Structures are given as structure tokens and as C-alpha cells.
file start.txt (compact mmCIF, C-alpha atoms)
# COMPACT_ATOMS: atom_id res chain seq x y z
CA MET A 278 71.47 249.58 212.45
CA GLU A 279 68.30 247.56 212.63
CA THR A 280 67.20 245.45 215.57
CA ASN A 281 63.77 243.83 215.50
CA GLY A 282 62.87 246.28 212.73
CA GLN A 283 63.63 249.32 214.89
CA GLU A 284 66.47 251.65 213.97
CA HIS A 285 69.02 252.52 216.61
CA VAL A 286 69.65 256.23 216.14
CA ILE A 287 72.03 256.52 219.13
CA GLU A 288 74.77 253.91 219.46
CA VAL A 289 77.50 254.02 222.08
CA THR A 290 80.26 251.39 222.09
CA ASP A 291 83.02 251.00 224.71
CA LEU A 292 83.00 254.77 225.28
CA ARG A 293 85.78 256.30 227.36
CA ARG A 294 86.63 259.86 228.30
CA VAL A 295 89.83 260.68 230.17
CA TYR A 296 90.67 264.19 231.30
CA GLY A 297 94.09 265.73 231.88
CA GLY A 298 95.84 264.12 234.82
CA GLY A 299 94.44 260.72 233.94
CA PHE A 300 90.98 261.05 235.50
CA GLU A 301 88.65 258.63 233.69
CA ALA A 302 85.14 260.12 233.83
CA VAL A 303 83.57 257.59 231.44
CA CYS A 304 84.87 254.03 231.73
CA GLY A 305 83.98 251.98 228.65
CA ILE A 306 80.19 252.24 228.61
CA GLY A 307 77.84 251.07 225.88
CA PHE A 308 74.12 251.46 225.12
CA SER A 309 71.78 252.17 222.22
CA VAL A 310 68.56 254.11 221.78
CA ARG A 311 65.88 253.29 219.20
CA ARG A 312 64.05 255.77 217.03
CA GLY A 313 61.00 257.16 218.80
CA GLU A 314 62.22 256.19 222.28
CA ILE A 315 62.78 258.22 225.45
CA PHE A 316 66.01 257.11 227.11
CA ALA A 317 67.00 258.51 230.53
CA LEU A 318 70.62 258.72 231.62
CA LEU A 319 70.75 258.90 235.40
CA GLY A 320 73.51 259.11 237.95
CA THR A 321 74.77 260.79 241.07
CA ASN A 322 76.92 263.92 240.85
CA GLY A 323 80.24 262.95 239.32
CA ALA A 324 78.84 259.76 237.77
CA GLY A 325 79.84 260.79 234.25
CA LYS A 326 76.47 261.95 232.83
CA THR A 327 77.65 265.35 231.60
CA SER A 328 80.85 263.92 230.15
CA THR A 329 78.82 261.28 228.28
CA VAL A 330 76.21 263.71 226.95
CA GLU A 331 78.89 266.11 225.70
CA LEU A 332 80.34 263.27 223.63
CA LEU A 333 76.90 262.40 222.26
CA GLU A 334 76.29 266.03 221.32
CA GLY A 335 79.62 266.17 219.48
CA LEU A 336 81.13 268.81 221.75
CA ALA A 337 84.28 266.73 222.25
CA PRO A 338 85.84 263.57 220.82
CA PRO A 339 85.97 260.42 222.96
CA THR A 340 89.32 259.25 224.30
CA SER A 341 88.41 255.85 222.85
CA GLY A 342 85.33 253.96 221.80
CA GLN A 343 82.64 255.09 219.43
CA VAL A 344 79.53 257.27 219.30
CA ARG A 345 77.10 257.24 216.40
CA ILE A 346 74.12 259.57 216.10
CA LEU A 347 71.90 258.78 213.13
CA GLY A 348 74.71 256.58 211.85
CA ARG A 349 77.35 259.35 211.95
CA ASP A 350 80.15 260.52 214.21
CA PRO A 351 78.71 263.61 215.96
CA TYR A 352 82.16 265.18 216.42
CA ALA A 353 83.91 264.36 213.13
CA GLU A 354 80.71 264.82 211.09
CA ARG A 355 79.17 267.60 213.13
CA ALA A 356 78.00 269.55 210.06
CA ALA A 357 75.86 266.58 209.01
CA VAL A 358 74.58 265.64 212.48
CA ARG A 359 73.91 268.97 214.19
CA PRO A 360 71.04 270.14 211.90
CA ARG A 361 69.13 266.94 212.74
CA THR A 362 69.44 267.28 216.53
CA GLY A 363 68.09 269.61 219.19
CA VAL A 364 69.93 270.40 222.42
CA MET A 365 68.52 271.83 225.64
CA LEU A 366 71.39 272.67 227.99
CA GLN A 367 71.07 273.18 231.73
CA GLU A 368 71.49 276.93 231.14
CA GLY A 369 70.78 278.71 227.87
CA GLY A 370 72.80 281.89 228.48
CA PHE A 371 70.66 284.11 226.23
CA PRO A 372 71.18 287.89 225.94
CA SER A 373 69.05 289.30 228.74
CA GLU A 374 68.03 292.49 226.91
CA LEU A 375 66.45 290.69 223.96
CA THR A 376 62.77 289.82 224.05
CA VAL A 377 61.55 286.25 223.86
CA GLY A 378 60.45 286.83 220.26
CA GLU A 379 63.78 288.40 219.26
CA THR A 380 65.69 285.55 220.88
CA THR A 381 63.58 282.98 219.04
CA ARG A 382 64.03 284.74 215.68
CA MET A 383 67.78 285.07 216.25
CA TRP A 384 68.06 281.37 217.03
CA ALA A 385 65.87 280.44 214.07
CA GLY A 386 68.37 282.15 211.81
CA CYS A 387 70.93 279.54 212.84
CA VAL A 388 68.62 276.56 212.24
CA SER A 389 67.77 274.83 208.98
CA GLY A 390 64.02 274.59 208.29
CA ALA A 391 63.04 276.31 211.54
CA ARG A 392 59.48 276.18 212.83
CA PRO A 393 57.58 279.49 212.82
CA GLU A 394 58.33 281.53 215.95
CA GLN A 395 54.77 281.41 217.28
CA GLU A 396 54.53 277.66 216.78
CA ALA A 397 57.70 277.07 218.81
CA LEU A 398 56.55 279.35 221.62
CA ALA A 399 53.06 277.83 221.64
CA LEU A 400 54.54 274.34 222.14
CA VAL A 401 55.99 275.44 225.49
CA GLY A 402 53.25 277.80 226.63
CA LEU A 403 55.08 281.09 225.96
CA THR A 404 52.76 282.56 223.32
CA GLY A 405 51.95 285.58 225.47
CA LYS A 406 55.59 286.26 226.36
CA ALA A 407 56.99 287.12 222.91
CA GLY A 408 57.39 290.80 223.80
CA VAL A 409 58.90 290.23 227.26
CA ARG A 410 62.64 290.65 227.78
CA VAL A 411 64.53 287.51 228.73
CA LYS A 412 65.74 289.10 231.97
CA GLN A 413 62.13 289.53 233.07
CA LEU A 414 61.28 285.85 232.74
CA SER A 415 61.03 283.59 235.76
CA GLY A 416 63.41 280.66 236.05
CA GLY A 417 60.71 278.27 234.87
CA GLU A 418 59.88 280.47 231.87
CA ARG A 419 63.54 280.54 230.86
CA ARG A 420 63.55 276.75 230.89
CA ARG A 421 60.51 276.81 228.61
CA LEU A 422 62.37 279.15 226.27
CA ASP A 423 65.36 276.81 226.30
CA LEU A 424 63.06 273.99 225.22
CA ALA A 425 61.37 276.07 222.53
CA LEU A 426 64.74 276.84 220.93
CA ALA A 427 65.78 273.19 221.09
CA LEU A 428 62.62 272.32 219.15
CA LEU A 429 62.97 275.01 216.47
CA GLY A 430 64.58 272.72 213.93
CA ASN A 431 62.09 269.82 214.26
CA PRO A 432 64.91 267.59 215.54
CA GLU A 433 65.04 263.87 214.93
CA VAL A 434 67.12 263.46 218.09
CA LEU A 435 66.53 265.68 221.12
CA PHE A 436 68.95 266.00 224.05
CA LEU A 437 67.28 267.31 227.22
CA ASP A 438 69.57 268.17 230.13
CA GLU A 439 67.52 268.68 233.31
CA PRO A 440 64.55 270.03 231.31
CA THR A 441 62.15 270.76 234.19
CA THR A 442 64.48 272.38 236.71
CA GLY A 443 62.74 275.48 238.05
CA LEU A 444 59.30 274.55 236.74
CA ASP A 445 56.28 274.32 239.02
CA ALA A 446 54.20 271.13 239.14
CA GLU A 447 51.90 272.23 236.30
CA GLY A 448 54.81 273.28 234.11
CA ARG A 449 56.56 269.98 234.75
CA ARG A 450 53.48 267.99 233.76
CA ASP A 451 53.01 270.11 230.62
CA THR A 452 56.63 269.46 229.65
CA TRP A 453 56.21 265.73 230.23
CA ASN A 454 53.17 265.70 227.96
CA LEU A 455 55.08 267.59 225.26
CA VAL A 456 58.03 265.19 225.46
CA ARG A 457 55.67 262.21 225.15
CA ALA A 458 53.99 263.82 222.13
CA LEU A 459 57.38 264.36 220.50
CA ARG A 460 58.27 260.71 221.17
CA ASP A 461 54.98 259.56 219.70
CA GLY A 462 55.75 261.65 216.61
CA GLY A 463 59.01 259.77 216.07
CA THR A 464 61.52 262.00 217.86
CA THR A 465 64.20 260.17 219.84
CA VAL A 466 64.82 261.77 223.24
CA LEU A 467 67.84 261.37 225.49
CA LEU A 468 67.05 262.80 228.92
CA THR A 469 69.14 263.56 231.98
CA THR A 470 67.33 264.48 235.17
CA HIS A 471 67.74 264.52 238.94
CA TYR A 472 63.99 263.99 239.33
CA LEU A 473 63.67 260.22 239.50
CA GLU A 474 59.89 260.48 239.35
CA GLU A 475 60.37 262.21 236.00
CA ALA A 476 62.54 259.42 234.66
CA GLU A 477 60.14 256.77 235.95
CA SER A 478 57.19 258.53 234.29
CA LEU A 479 58.81 259.40 230.96
CA ALA A 480 61.53 256.91 230.11
CA ASP A 481 60.92 253.86 227.94
CA ARG A 482 64.36 252.65 229.05
CA LEU A 483 67.12 254.06 231.22
CA ALA A 484 70.69 253.57 232.36
CA ILE A 485 72.08 254.41 235.78
CA LEU A 486 75.69 255.60 235.76
CA HIS A 487 77.88 255.26 238.82
CA GLU A 488 81.54 256.30 238.86
CA GLY A 489 81.73 256.30 235.09
CA ARG A 490 80.17 252.89 234.55
CA ILE A 491 76.65 251.66 233.84
CA ALA A 492 75.43 250.02 237.03
CA ALA A 493 71.96 249.10 235.72
CA THR A 494 69.97 249.43 232.52
CA GLY A 495 66.53 248.42 231.28
CA THR A 496 62.97 249.64 231.52
CA PRO A 497 62.05 251.44 234.76
CA ALA A 498 60.06 248.36 235.78
CA GLU A 499 63.02 246.06 235.13
CA VAL A 500 65.40 248.23 237.13
CA THR A 501 63.05 248.58 240.10
CA ALA A 502 62.20 244.86 240.05
CA ALA A 503 65.76 244.14 241.16
CA GLN A 504 64.99 245.81 244.51
CA PRO A 505 62.77 244.30 247.23
CA SER A 506 59.20 245.46 247.75
CA ARG A 507 58.04 246.69 251.15
CA ILE A 508 55.18 245.94 253.53
CA SER A 509 54.71 247.86 256.76
CA PHE A 510 51.98 247.71 259.40
CA GLU A 511 51.30 248.28 263.06
CA LEU A 512 51.16 245.20 265.27
CA PRO A 513 47.67 244.62 266.73
CA GLU A 514 47.28 245.35 270.41
CA GLY A 515 48.47 242.40 272.50
CA TYR A 516 50.51 240.87 269.68
CA PHE A 517 54.28 240.64 269.30
CA PRO A 518 56.55 239.96 266.27
CA GLY A 519 56.87 236.33 267.34
CA ASP A 520 53.10 235.90 266.93
CA LEU A 521 53.32 236.54 263.18
CA PRO A 522 53.46 233.55 260.82
CA PRO A 523 57.01 232.38 259.93
CA LEU A 524 58.26 235.21 257.72
CA ASP A 525 60.51 233.00 255.58
CA ARG A 526 57.44 230.99 254.56
CA LEU A 527 55.86 234.23 253.31
CA GLY A 528 58.86 234.97 251.12
CA VAL A 529 60.12 237.75 253.41
CA SER A 530 63.85 238.36 252.99
CA GLY A 531 64.31 240.83 255.85
CA HIS A 532 62.43 242.77 258.47
CA GLU A 533 62.72 245.56 261.02
CA VAL A 534 60.65 246.38 264.10
CA GLU A 535 60.36 249.96 265.36
CA GLY A 536 58.15 249.98 268.44
CA ARG A 537 54.80 248.64 267.20
CA LEU A 538 55.66 249.21 263.54
CA VAL A 539 56.83 246.21 261.51
CA LYS A 540 58.62 246.66 258.17
CA LEU A 541 59.06 243.68 255.84
CA ARG A 542 61.19 243.36 252.69
CA THR A 543 60.28 240.82 250.02
CA ARG A 544 60.81 239.98 246.37
CA GLU A 545 57.52 238.07 246.37
CA LEU A 546 55.11 240.87 247.18
CA GLN A 547 51.84 239.11 246.35
CA ARG A 548 52.78 235.97 248.27
CA ALA A 549 53.90 237.92 251.36
CA ALA A 550 50.93 240.30 251.37
CA THR A 551 48.43 237.46 250.86
CA GLY A 552 49.93 235.36 253.65
CA LEU A 553 49.93 238.29 256.04
CA LEU A 554 46.32 239.25 255.30
CA VAL A 555 45.13 235.64 255.60
CA TRP A 556 46.82 235.43 259.01
CA ALA A 557 45.16 238.69 260.14
CA GLU A 558 41.76 237.49 258.92
CA ARG A 559 42.05 234.19 260.77
CA ALA A 560 43.27 235.95 263.92
CA GLY A 561 40.41 238.42 263.69
CA VAL A 562 42.70 241.46 263.91
CA GLU A 563 43.14 244.65 261.91
CA LEU A 564 46.56 245.62 260.54
CA ARG A 565 46.56 249.36 261.00
CA ARG A 566 48.83 251.70 259.00
CA LEU A 567 49.12 248.92 256.41
CA ASP A 568 51.31 250.03 253.48
CA VAL A 569 52.14 247.64 250.63
CA ARG A 570 54.26 248.90 247.75
CA SER A 571 56.76 247.89 245.11
CA ALA A 572 60.19 249.48 245.10
CA SER A 573 60.40 252.91 243.50
CA LEU A 574 63.05 254.01 241.03
CA GLU A 575 64.50 256.21 243.78
CA GLU A 576 64.98 253.18 246.02
CA ALA A 577 66.54 251.24 243.15
CA PHE A 578 68.82 254.19 242.36
CA LEU A 579 70.01 254.53 245.96
CA GLY A 580 70.31 250.76 246.35
CA ILE A 581 72.46 250.43 243.24
CA ALA A 582 74.76 253.26 244.31
CA ARG A 583 75.07 251.73 247.79
CA ASP A 584 75.73 248.21 246.47
CA VAL A 585 78.40 249.37 244.02
CA SER A 586 80.15 251.41 246.73
CA GLU A 587 80.05 248.49 249.19
CA LYS A 588 81.52 246.11 246.59
CA ALA A 589 84.28 248.60 245.80
CA SER A 590 85.07 248.99 249.50
CA ALA A 591 85.21 245.20 249.92
CA VAL A 592 87.67 244.91 247.02
CA GLU A 593 89.87 247.66 248.49
CA GLU A 594 89.90 245.92 251.87
CA ARG A 595 90.95 242.59 250.29
CA VAL A 596 93.73 244.29 248.33
CA ALA A 597 94.93 246.10 251.46
call {"tool": "encode", "arguments": {"input": "start.txt", "output": "C-alpha cells"}}
result
Amino acid sequence: METNGQEHVIEVTDLRRVYGGGFEAVCGIGFSVRRGEIFALLGTNGAGKTSTVELLEGLAPPTSGQVRILGRDPYAERAAVRPRTGVMLQEGGFPSELTVGETTRMWAGCVSGARPEQEALALVGLTGKAGVRVKQLSGGERRRLDLALALLGNPEVLFLDEPTTGLDAEGRRDTWNLVRALRDGGTTVLLTTHYLEEAESLADRLAILHEGRIAATGTPAEVTAAQPSRISFELPEGYFPGDLPPLDRLGVSGHEVEGRLVKLRTRELQRAATGLLVWAERAGVELRRLDVRSASLEEAFLGIARDVSEKASAVEERVA
């Protein structure tokens, strides 16, 4: 389980999950996660994220293929794996009449080597809420409690399912910092989130699921690099698109014109931006509303989903 001296604590090989009626939610995927790494599993609704994570958590056996968490089968060897993992579900479902402190103590009784109650609550900023009933917590505070309970057992592997849903901007940033600190301390984190900014900020590597298959995987930078960068600007007064330098010579792969606004797409951002600015300088004009940026993870995500769907449609048309 060693690669370049780094242990793979999550290993997924040709994983499939088929539900009754023959619906295949997970279609032979594979990936691995190293110790002390944050790995984000992304996908549109129905992409297979939840089905995959349930298999990783040992809640169900795969139809075929293999999952190994810390070298063990999380379903068949659940008693050995579960004490070494922490799980934060989308909804905790805690008894509403218990206080935060009572809930934490109750949960600690089910965990081997649990952290002290106050330490767990302090990690997520709930120190002053120990005496408050769960039903009186805000949605964001309940998510913090979910995270505190997932961390009670000092897990080696932490599963976070939409961890910042309901949190305000400050709470989200605090959670990000905590997750990074856990990673830096050696905890392996598998994250699912609908916030692509969150994945881009946190993940060391990620995989994008689409219709049960992995459509892209790599670091956030590697995944976004596959999408074109963008340059937009307003044409100077008295100039027209035909007055610009030949766009193909600038490495521009496509463009759009909306009134006076020009939008360029390129995979050679520095070359295109430099050529455009040199032209403007020589022409003695100002490019107003100039915006130069690399593709974001959101654009890559949407582009991948669109490309996969278009390829599937093309195949269906040829078969028909």
C-alpha cells in the first residue's frame, strides 16, 4: 500500500453498485487517497457520490469491485475499521431535547478513546453552547455539532458529507481552517460538497463523478487546466473586431462579441494577453473592462458535465 513512500489509506478498485431493477449508480470507478490528504468527490445530483461514499463508510457491500479503508474491507471488517474513522453525515438526526453537552457525552460513550467533551466542542466553536438544547441551535450550529461528534474519536480517516451547508461565511472559513489543521496532523479527509469554491480551496486532489463514472481526476489546478482561460474587454471607441490582431496568432481558440464587449477563449493565456496588450499599447488605446482569468473549478465542472452529455448524445444518435 505504498506509493512514493506515502500510504494509500483509501483504495477503490473497479467499484460498482447496482440497485434493484438493474440501475447501476456506480459504474466501475477507481481511485486512491493518501494518508494526510484531502480528497474531494464531486458530482451533479445523481452522479453516484452518495452511493460511493456509503460503500466507503461500510454501510453497504459493493455489487462488485473492492474498497479498502486502512487496508481493510469497511463492510466485512466493520468492527476493525469503524473505530478508526469519523463520519459527518448530511443530517445528524440527534434527539432535539438533549443539550449539546448531553449529546456529546452520549456519543462519546459509543466511541473508543473519545476526546474530552469540551475539547471536541472547542474545535468547532461550540464551547458556550454545551447547555443549549439541540432544538434551539441554528442550522449552522447543528452542522458544527455534527462535525464535533465526527471528531470525537480522533479519526485517522474522516468522511465529510457537505460539511459547511448552513454555515455563514465566517463559519465556513473556520471549518476550512479546522479541516486543513486535521490534514496537517495526518488525518485523511474525504469530502463531498456542492460548493466548488470549497473543493478548490481545500482539496489536494479531487474526482468529478458524472453518471456513475469518473469524468476527471487530479489536483484542482490539473482539472481546471483542461478548460480554456478567458479574456474579455470593451472595444475602444472607433474600433471594430476586425481591427484586432489575428486572434489565431495570439493562441485564441474561440471568441464572442456582444455589442462592444469582446470575449476570448484561450489555452495560452499569457501569450494571448501579452499580444493583446502589446497591440493596445502600439495603437495608443485603453482596453476598458479588461478581465483576464484562468478557468475556475466551476467552469471545469460544468464543462466536463456538458462534454460527457454531448458525447453520450452523439453516440445515441449514431446508434439510432
call {"tool": "closest_residue", "arguments": {"input": "start.txt", "among": "A:Arg355, A:Arg349, A:Arg421, A:Arg490", "to": "Arg294 in chain A", "atoms": "only C-alpha atoms"}}
result
A:Arg490
call {"tool": "closest_atom_pairs", "arguments": {"input": "start.txt", "of": "range 313-403 of chain A", "to": "range 434-441 of chain A", "cutoff": "7 Å", "atoms": "all atoms listed in the file", "output": "Markdown table"}}
result
| residue | atom | partner | partner_atom | distance |
| --- | --- | --- | --- | --- |
| A:Arg361 | CA | A:Val434 | CA | 6.7 |
| A:Thr362 | CA | A:Val434 | CA | 4.7 |
| A:Gly363 | CA | A:Leu435 | CA | 4.6 |
| A:Val364 | CA | A:Phe436 | CA | 4.8 |
| A:Met365 | CA | A:Leu437 | CA | 4.9 |
| A:Leu366 | CA | A:Asp438 | CA | 5.3 |
| A:Gln367 | CA | A:Asp438 | CA | 5.5 |
call {"tool": "residues_around", "arguments": {"input": "start.txt", "residues": "Ala391 in chain A", "least_positions_apart": "2", "cutoff": "10 Å", "atoms": "only C-alpha atoms", "output": "list of chain:residue names"}}
result
A:Arg382, A:Trp384, A:Ala385, A:Gly386, A:Cys387, A:Val388, A:Ser389, A:Pro393, A:Glu394, A:Ala397, A:Leu426, A:Leu428, A:Leu429, A:Gly430, A:Asn431, A:Pro432
call {"tool": "residues_near_point", "arguments": {"input": "start.txt", "point": "(71.4, 258.1, 240.1)", "cutoff": "10 Å", "atoms": "all atoms listed in the file", "output": "PDB file with C-alpha atoms, keeping the file's coordinate frame"}}
result
ATOM      1  CA  LEU A 318      70.620 258.720 231.620  1.00  0.00           C
ATOM      2  CA  LEU A 319      70.750 258.900 235.400  1.00  0.00           C
ATOM      3  CA  GLY A 320      73.510 259.110 237.950  1.00  0.00           C
ATOM      4  CA  THR A 321      74.770 260.790 241.070  1.00  0.00           C
ATOM      5  CA  ASN A 322      76.920 263.920 240.850  1.00  0.00           C
ATOM      6  CA  ALA A 324      78.840 259.760 237.770  1.00  0.00           C
ATOM      7  CA  LYS A 326      76.470 261.950 232.830  1.00  0.00           C
ATOM      8  CA  THR A 470      67.330 264.480 235.170  1.00  0.00           C
ATOM      9  CA  HIS A 471      67.740 264.520 238.940  1.00  0.00           C
ATOM     10  CA  TYR A 472      63.990 263.990 239.330  1.00  0.00           C
ATOM     11  CA  LEU A 473      63.670 260.220 239.500  1.00  0.00           C
ATOM     12  CA  ALA A 484      70.690 253.570 232.360  1.00  0.00           C
ATOM     13  CA  ILE A 485      72.080 254.410 235.780  1.00  0.00           C
ATOM     14  CA  LEU A 486      75.690 255.600 235.760  1.00  0.00           C
ATOM     15  CA  HIS A 487      77.880 255.260 238.820  1.00  0.00           C
ATOM     16  CA  ALA A 492      75.430 250.020 237.030  1.00  0.00           C
ATOM     17  CA  LEU A 574      63.050 254.010 241.030  1.00  0.00           C
ATOM     18  CA  GLU A 575      64.500 256.210 243.780  1.00  0.00           C
ATOM     19  CA  ALA A 577      66.540 251.240 243.150  1.00  0.00           C
ATOM     20  CA  PHE A 578      68.820 254.190 242.360  1.00  0.00           C
ATOM     21  CA  LEU A 579      70.010 254.530 245.960  1.00  0.00           C
ATOM     22  CA  GLY A 580      70.310 250.760 246.350  1.00  0.00           C
ATOM     23  CA  ILE A 581      72.460 250.430 243.240  1.00  0.00           C
ATOM     24  CA  ALA A 582      74.760 253.260 244.310  1.00  0.00           C
TER      25      ALA A 582
END
call {"tool": "atom_distance", "arguments": {"input": "start.txt", "atom1": "CA of Gly495 in chain A", "atom2": "CA of Thr290 in chain A"}}
result
16.8 Å
call {"tool": "residues_around", "arguments": {"input": "start.txt", "residues": "Ser506 in chain A", "least_positions_apart": "6", "cutoff": "10 Å", "atoms": "all atoms listed in the file", "output": "short mmCIF file (atom, residue, chain, number, x, y, z; two decimals) with C-alpha atoms, keeping the file's coordinate frame"}}
result
data_model
loop_
_atom_site.label_atom_id
_atom_site.label_comp_id
_atom_site.auth_asym_id
_atom_site.auth_seq_id
_atom_site.Cartn_x
_atom_site.Cartn_y
_atom_site.Cartn_z
CA VAL A 529 60.12 237.75 253.41
CA SER A 530 63.85 238.36 252.99
CA LEU A 541 59.06 243.68 255.84
CA ARG A 542 61.19 243.36 252.69
CA THR A 543 60.28 240.82 250.02
CA ARG A 544 60.81 239.98 246.37
CA GLU A 545 57.52 238.07 246.37
CA LEU A 546 55.11 240.87 247.18
CA GLN A 547 51.84 239.11 246.35
CA ALA A 549 53.90 237.92 251.36
CA VAL A 569 52.14 247.64 250.63
CA ARG A 570 54.26 248.90 247.75
CA SER A 571 56.76 247.89 245.11
CA ALA A 572 60.19 249.48 245.10
CA SER A 573 60.40 252.91 243.50
CA GLU A 576 64.98 253.18 246.02
#
call {"tool": "closest_residue", "arguments": {"input": "start.txt", "among": "A:Gly335, A:Gly313, A:Gly531, A:Gly305", "to": "Val456 in chain A", "atoms": "all atoms listed in the file"}}
result
A:Gly313
call {"tool": "atom_distance", "arguments": {"input": "start.txt", "atom1": "CA of Thr452 in chain A", "atom2": "CA of Leu400 in chain A"}}
result
9.2 Å
call {"tool": "residues_around", "arguments": {"input": "start.txt", "residues": "Glu354 in chain A", "least_positions_apart": "3", "cutoff": "12 Å", "atoms": "all atoms listed in the file", "output": "list of chain:residue names"}}
result
A:Glu334, A:Gly335, A:Leu336, A:Ala337, A:Pro338, A:Val344, A:Arg345, A:Ile346, A:Leu347, A:Gly348, A:Arg349, A:Asp350, A:Pro351, A:Ala357, A:Val358, A:Arg359, A:Pro360, A:Arg361
call {"tool": "atom_distance", "arguments": {"input": "start.txt", "atom1": "CA of Leu527 in chain A", "atom2": "CA of Thr496 in chain A"}}
result
27.6 Å
call {"tool": "closest_residue", "arguments": {"input": "start.txt", "among": "A:Glu563, A:Leu459, A:Val377, A:Ser509", "to": "Ala550 in chain A", "atoms": "all atoms listed in the file"}}
result
A:Ser509
call {"tool": "axis_aligned_box", "arguments": {"input": "start.txt", "around": "range 384-398 of chain A", "padding_each_side": "6 Å", "output": "lines of an AutoDock Vina configuration file"}}
result
center_x = 62.7
center_y = 278.4
center_z = 215.0
size_x = 28.4
size_y = 19.6
size_z = 25.3
call {"tool": "residues_around", "arguments": {"input": "start.txt", "residues": "Cys304 in chain A", "least_positions_apart": "3", "cutoff": "8 Å", "atoms": "only C-alpha atoms", "output": "JSON, numbers by chain"}}
result
{"A": [291, 292, 293, 294, 301, 489, 490]}
call {"tool": "closest_residue", "arguments": {"input": "start.txt", "among": "A:Arg537, A:Arg449, A:Arg526, A:Arg482", "to": "Ala498 in chain A", "atoms": "only C-alpha atoms"}}
result
A:Arg482
call {"tool": "closest_residue", "arguments": {"input": "start.txt", "among": "A:Arg420, A:Leu398, A:Phe300, A:Thr404", "to": "Gly325 in chain A", "atoms": "only C-alpha atoms"}}
result
A:Phe300
call {"tool": "build_atoms", "arguments": {"input": "start.txt", "residues": "range 518-532 of chain A", "atoms": "N, CA, C and O atoms", "output": "short mmCIF file (atom, residue, chain, number, x, y, z; two decimals), in the frame of the given file"}}
result
data_model
loop_
_atom_site.label_atom_id
_atom_site.label_comp_id
_atom_site.auth_asym_id
_atom_site.auth_seq_id
_atom_site.Cartn_x
_atom_site.Cartn_y
_atom_site.Cartn_z
N PRO A 518 56.01 240.48 267.56
CA PRO A 518 56.55 239.96 266.27
C PRO A 518 56.57 238.45 266.20
O PRO A 518 56.33 237.86 265.13
N GLY A 519 56.83 237.80 267.34
CA GLY A 519 56.87 236.33 267.34
C GLY A 519 55.53 235.68 267.08
O GLY A 519 55.45 234.48 266.79
N ASP A 520 54.43 236.45 267.19
CA ASP A 520 53.10 235.90 266.93
C ASP A 520 52.77 235.85 265.44
O ASP A 520 51.78 235.21 265.04
N LEU A 521 53.56 236.54 264.62
CA LEU A 521 53.32 236.54 263.18
C LEU A 521 53.66 235.17 262.61
O LEU A 521 54.43 234.41 263.19
N PRO A 522 53.09 234.83 261.45
CA PRO A 522 53.46 233.55 260.82
C PRO A 522 54.94 233.59 260.44
O PRO A 522 55.53 234.66 260.30
N PRO A 523 55.59 232.41 260.30
CA PRO A 523 57.01 232.38 259.93
C PRO A 523 57.26 233.22 258.67
O PRO A 523 56.69 232.94 257.61
N LEU A 524 58.08 234.25 258.82
CA LEU A 524 58.26 235.21 257.72
C LEU A 524 58.93 234.58 256.50
O LEU A 524 58.64 234.96 255.36
N ASP A 525 59.84 233.62 256.72
CA ASP A 525 60.51 233.00 255.58
C ASP A 525 59.51 232.23 254.71
O ASP A 525 59.66 232.16 253.48
N ARG A 526 58.45 231.71 255.34
CA ARG A 526 57.44 230.99 254.56
C ARG A 526 56.59 231.94 253.72
O ARG A 526 55.93 231.53 252.76
N LEU A 527 56.59 233.22 254.08
CA LEU A 527 55.86 234.23 253.31
C LEU A 527 56.72 234.84 252.21
O LEU A 527 56.24 235.69 251.46
N GLY A 528 57.97 234.39 252.13
CA GLY A 528 58.86 234.97 251.12
C GLY A 528 59.48 236.28 251.57
O GLY A 528 59.94 237.06 250.73
N VAL A 529 59.52 236.52 252.88
CA VAL A 529 60.12 237.75 253.41
C VAL A 529 61.63 237.56 253.54
O VAL A 529 62.09 236.58 254.15
N SER A 530 62.40 238.48 252.97
CA SER A 530 63.85 238.36 252.99
C SER A 530 64.50 239.14 254.13
O SER A 530 65.67 238.92 254.45
N GLY A 531 63.76 240.06 254.75
CA GLY A 531 64.31 240.83 255.85
C GLY A 531 63.21 241.62 256.53
O GLY A 531 62.16 241.89 255.93
N HIS A 532 63.45 242.00 257.78
CA HIS A 532 62.43 242.77 258.47
C HIS A 532 63.06 243.65 259.54
O HIS A 532 64.19 243.39 260.00
#
